[in-house]
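Q: Take a look at this one; I'll ask things after.
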Amino acid sequence: MRKCIIVASVRQITNPPNPYNQYSAEYVGEPPPTKLEVFEETATRKMITKAFTSDWEGGWRYTVNCYRGCVHGCTYCFARQYHEYLGYGAGTDFETKIVVKTNAPQILRQELKKTRDKMPHLDFSFATDPYIPLEASYELTRKCLEVCVDFRVPVAVITKSPLVTRDIDLLKKLEKVSVFFSLPFLTKERSNPFEPYTPVPEARFRAMCEVADAGIAVGIGIAPVIPGYNESDIPGLLERAKECGAKRAFMSMLHLDTDSIEAYFVQKMNERLSPTAVSKIINTMKRERGGTLRHRTYKERMTGKTEQWEVTQKLFDFHARRLGFKQHEVPAEAEKAAEPMQQRLF
Ligand code: SF4
């Protein structure tokens, strides 16, 4: 059963056409303002999803997502496409129609009772940020972490939110845990055009320090690197992360996986950046990707590896080594599944 809670009016509806729902229209005429709508869902059958990612510890991962959609609204987010499967749009719908799996902790407990022996590791992230603002009241990520403590499952969290510091007490009880902060831009001004509703970079760095000070392994994810935009932020981001106690780091290039994601990304870039900055990004991407903004081949799409990737990866590797970031050990199962589609991770 779903319950819809309409919370607030925020901005105008903008959704690229949904390829799975081509014959419906959300409105006639001028786009109306959006409202933050929360759909509570209690019919969840499973909470653990096996997913392939080239970005985050490249390979097959077991992921847990207590929400669908993400109010952080990063314009580059690859998870936007999953909202189209629900019949929603990949644009503002993804940011304002949030599905809350209210029975997530109970379902996770039932699943782990059957699968704990086969579960090497769980990642809290993938289709949403586990610490969106709604988590402050729903506490579903927190309750799922409690289940992981009971079953002694190793956990990794990736987030853009300082709300993760609320759960430091719990994270400390986990057998093995790491918290990665997704931080692709050094300043609020540089982040804002692409991450308009996320906590500012400085708030994420402060949270990183707090988690590291509590003795929990922390890292930085410089993801995505947008060609022609934030390569120059890489050294400064790694330096700040090091100062905050991060021991690991990874980077990945921008993927625009679907027509909808590409359309929304370009539209928002045109609204929020100068024409010169937009041209620089588009020209750099097209030069490296054979005249398009997308990766040309399946392998490129899965790995993000293009000529641009190599140059940027060398820059990242150089500074990661200089600052002493440790080489990350990819779990054997993920390594086997992803080979040769793996990215380097420090
Ligand atoms: S925080 Fe993560 S899941 Fe949320 S919109 Fe940004 S990239 Fe997507």
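Note on naming: chains are A, B, ... as they come in the structure tokens, residues start from 1 per chain, ligands start from 1 in the order shown.
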Quick one: everything within 10 Å of Lys101 (chain A), counting only C-alpha atoms, minus sequence neighbours fewer than 3 positions away in the same chain. Send it as a list in words.
A: Arg2, Phe39, Glu40, Glu41, Thr42, Ala43, Thr44, Met47, Asn65, Cys66, Tyr67, Arg68, Ile98, Ala104, Pro105, Ile107, Tyr138 and Leu140 of chain A
Q: For ligand 1, list the contacting residues at 7 Å or closer, counting only C-alpha atoms and all ligand atoms, as a PDB file with C-alpha atoms, in the first residue's frame.
A:
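File pocket09.pdb, as written:
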```
ATOM      1  CA  CYS A  70      16.866  11.575  -4.075  1.00  0.00           C
ATOM      2  CA  VAL A  71      16.133  15.143  -3.032  1.00  0.00           C
ATOM      3  CA  HIS A  72      19.813  16.014  -3.406  1.00  0.00           C
ATOM      4  CA  GLY A  73      19.039  16.306  -7.115  1.00  0.00           C
ATOM      5  CA  CYS A  74      22.545  16.094  -8.597  1.00  0.00           C
ATOM      6  CA  TYR A  76      24.500  14.063 -13.310  1.00  0.00           C
ATOM      7  CA  CYS A  77      22.948  11.285 -11.192  1.00  0.00           C
ATOM      8  CA  PHE A  78      22.795   7.951 -13.042  1.00  0.00           C
ATOM      9  CA  ALA A  79      20.020   6.730 -10.701  1.00  0.00           C
ATOM     10  CA  PHE A 126      23.538   3.255  -5.330  1.00  0.00           C
ATOM     11  CA  ALA A 127      19.970   4.306  -6.232  1.00  0.00           C
ATOM     12  CA  THR A 128      19.733   7.065  -3.625  1.00  0.00           C
ATOM     13  CA  ASP A 129      21.747   8.759  -0.902  1.00  0.00           C
ATOM     14  CA  THR A 159      26.924   9.796   1.088  1.00  0.00           C
ATOM     15  CA  LYS A 160      26.917  13.522   0.541  1.00  0.00           C
ATOM     16  CA  GLU A 195      24.517  19.693  -6.965  1.00  0.00           C
ATOM     17  CA  THR A 198      23.179  18.909  -1.466  1.00  0.00           C
TER      18      THR A 198
END
```
Q: So that I can check the surroundings of region 237-243 of chain A, please list as an MDAnalysis selection string every protein, DNA and RNA residue that reaches within 8 Å of it, counting only C-alpha atoms and ignoring chain neighbours fewer than 4 positions away.
A: chainID A and resid 183:186 205 208 219:220 222 233 247 249 319:320 323
Q: Run DSSP on the backbone of this structure and report the residues of region 15-166 of chain A it assigns to strand (DSSP E), as a PyMOL selection string.
A: chain A and resi 33-41+48-53+59-64+67-68+97-101+122-124+155-159
Q: Keeping C-alpha atoms for every residue in the selection just given, could you write it to a file as an mmCIF file, in the first residue's frame?
A:
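Full text of part21.cif as output:
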```cif
data_model
loop_
_atom_site.group_PDB
_atom_site.id
_atom_site.type_symbol
_atom_site.label_atom_id
_atom_site.label_comp_id
_atom_site.auth_asym_id
_atom_site.auth_seq_id
_atom_site.Cartn_x
_atom_site.Cartn_y
_atom_site.Cartn_z
ATOM 1 C CA PRO A 33 5.356 24.077 -9.467
ATOM 2 C CA THR A 34 6.516 20.759 -8.071
ATOM 3 C CA LYS A 35 5.668 19.523 -4.616
ATOM 4 C CA LEU A 36 7.786 17.248 -2.528
ATOM 5 C CA GLU A 37 5.727 14.061 -2.446
ATOM 6 C CA VAL A 38 6.574 11.178 -0.162
ATOM 7 C CA PHE A 39 5.171 7.741 -1.002
ATOM 8 C CA GLU A 40 5.320 5.229 1.786
ATOM 9 C CA GLU A 41 5.655 1.700 0.492
ATOM 10 C CA ILE A 48 19.461 -6.393 -1.130
ATOM 11 C CA THR A 49 20.118 -5.726 -4.800
ATOM 12 C CA LYS A 50 23.099 -7.013 -6.736
ATOM 13 C CA ALA A 51 24.303 -4.177 -8.935
ATOM 14 C CA PHE A 52 27.264 -3.476 -11.171
ATOM 15 C CA THR A 53 29.116 -0.254 -10.664
ATOM 16 C CA GLY A 59 32.463 -4.458 -9.812
ATOM 17 C CA TRP A 60 29.394 -6.308 -8.558
ATOM 18 C CA ARG A 61 28.114 -5.026 -5.248
ATOM 19 C CA TYR A 62 25.324 -5.950 -2.880
ATOM 20 C CA THR A 63 23.456 -2.722 -2.241
ATOM 21 C CA VAL A 64 20.753 -1.536 0.172
ATOM 22 C CA TYR A 67 14.456 5.172 -0.532
ATOM 23 C CA ARG A 68 13.791 5.638 -4.237
ATOM 24 C CA LYS A 97 8.690 12.099 -5.681
ATOM 25 C CA ILE A 98 10.401 10.037 -3.032
ATOM 26 C CA VAL A 99 9.407 6.459 -2.271
ATOM 27 C CA VAL A 100 10.098 5.392 1.309
ATOM 28 C CA LYS A 101 10.394 1.675 2.015
ATOM 29 C CA LEU A 122 26.728 -4.509 1.902
ATOM 30 C CA ASP A 123 26.860 -1.024 0.377
ATOM 31 C CA PHE A 124 24.461 1.651 1.540
ATOM 32 C CA VAL A 155 29.338 -2.324 5.464
ATOM 33 C CA ALA A 156 30.329 0.619 3.277
ATOM 34 C CA VAL A 157 28.364 3.856 3.213
ATOM 35 C CA ILE A 158 28.646 6.489 0.509
ATOM 36 C CA THR A 159 26.924 9.796 1.088
#
```
Q: Rounded to one decimal place, report the CA of Asp169 (chain A)-CA of Pro130 (chain A) distance in Å.
A: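 That distance, rounded to one decimal, is 16.7 Å.
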Q: Find the residue from A:Asp93, A:Tyr229, A:Asp150, A:His83 that sits nearest to Arg109 (chain A); use only C-alpha atoms when measuring.
A: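 Distance minimum relative to Arg109 (chain A) lands on A:Asp150.
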Q: DSSP says helix (DSSP H, G or I) for which residues of region 21-245 of chain A? Put them as a ChimeraX atom specification?
A: /A:80-85,92-96,104-118,135-138,140-151,162-171,188-191,201-213,231-243
Q: Taking only C-alpha atoms into account, which of A:Leu293, A:Ile281, A:Ala246, A:Thr312 comes nearest Thr258 (chain A)?
A: A:Leu293
Q: So that I can check the surroundings of Pro32 (chain A), please list as a list in words every protein, DNA and RNA residue that reaches within 8 Å of it, counting only C-alpha atoms and ignoring chain neighbours fewer than 2 positions away.
A: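 Non-adjacent residues within range: Gln12, Ile13, Tyr27, Glu30 and Thr34 of chain A.
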Q: Looking at A:Met251, A:Val266, A:Leu170, A:Ile132, which one is nearest to Ile216 (chain A), with distances taken over only C-alpha atoms?
A: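 Using only C-alpha atoms, Ile216 (chain A) sits closest to A:Leu170.
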Q: If I take CA of Gly91 (chain A) and CA of Phe265 (chain A), how far is one from the other in Å, to one decimal?
A: 9.0 Å
Q: CA of Cys244 (chain A) to CA of Val179 (chain A): how many Å, to one decimal?
A: 12.7 Å
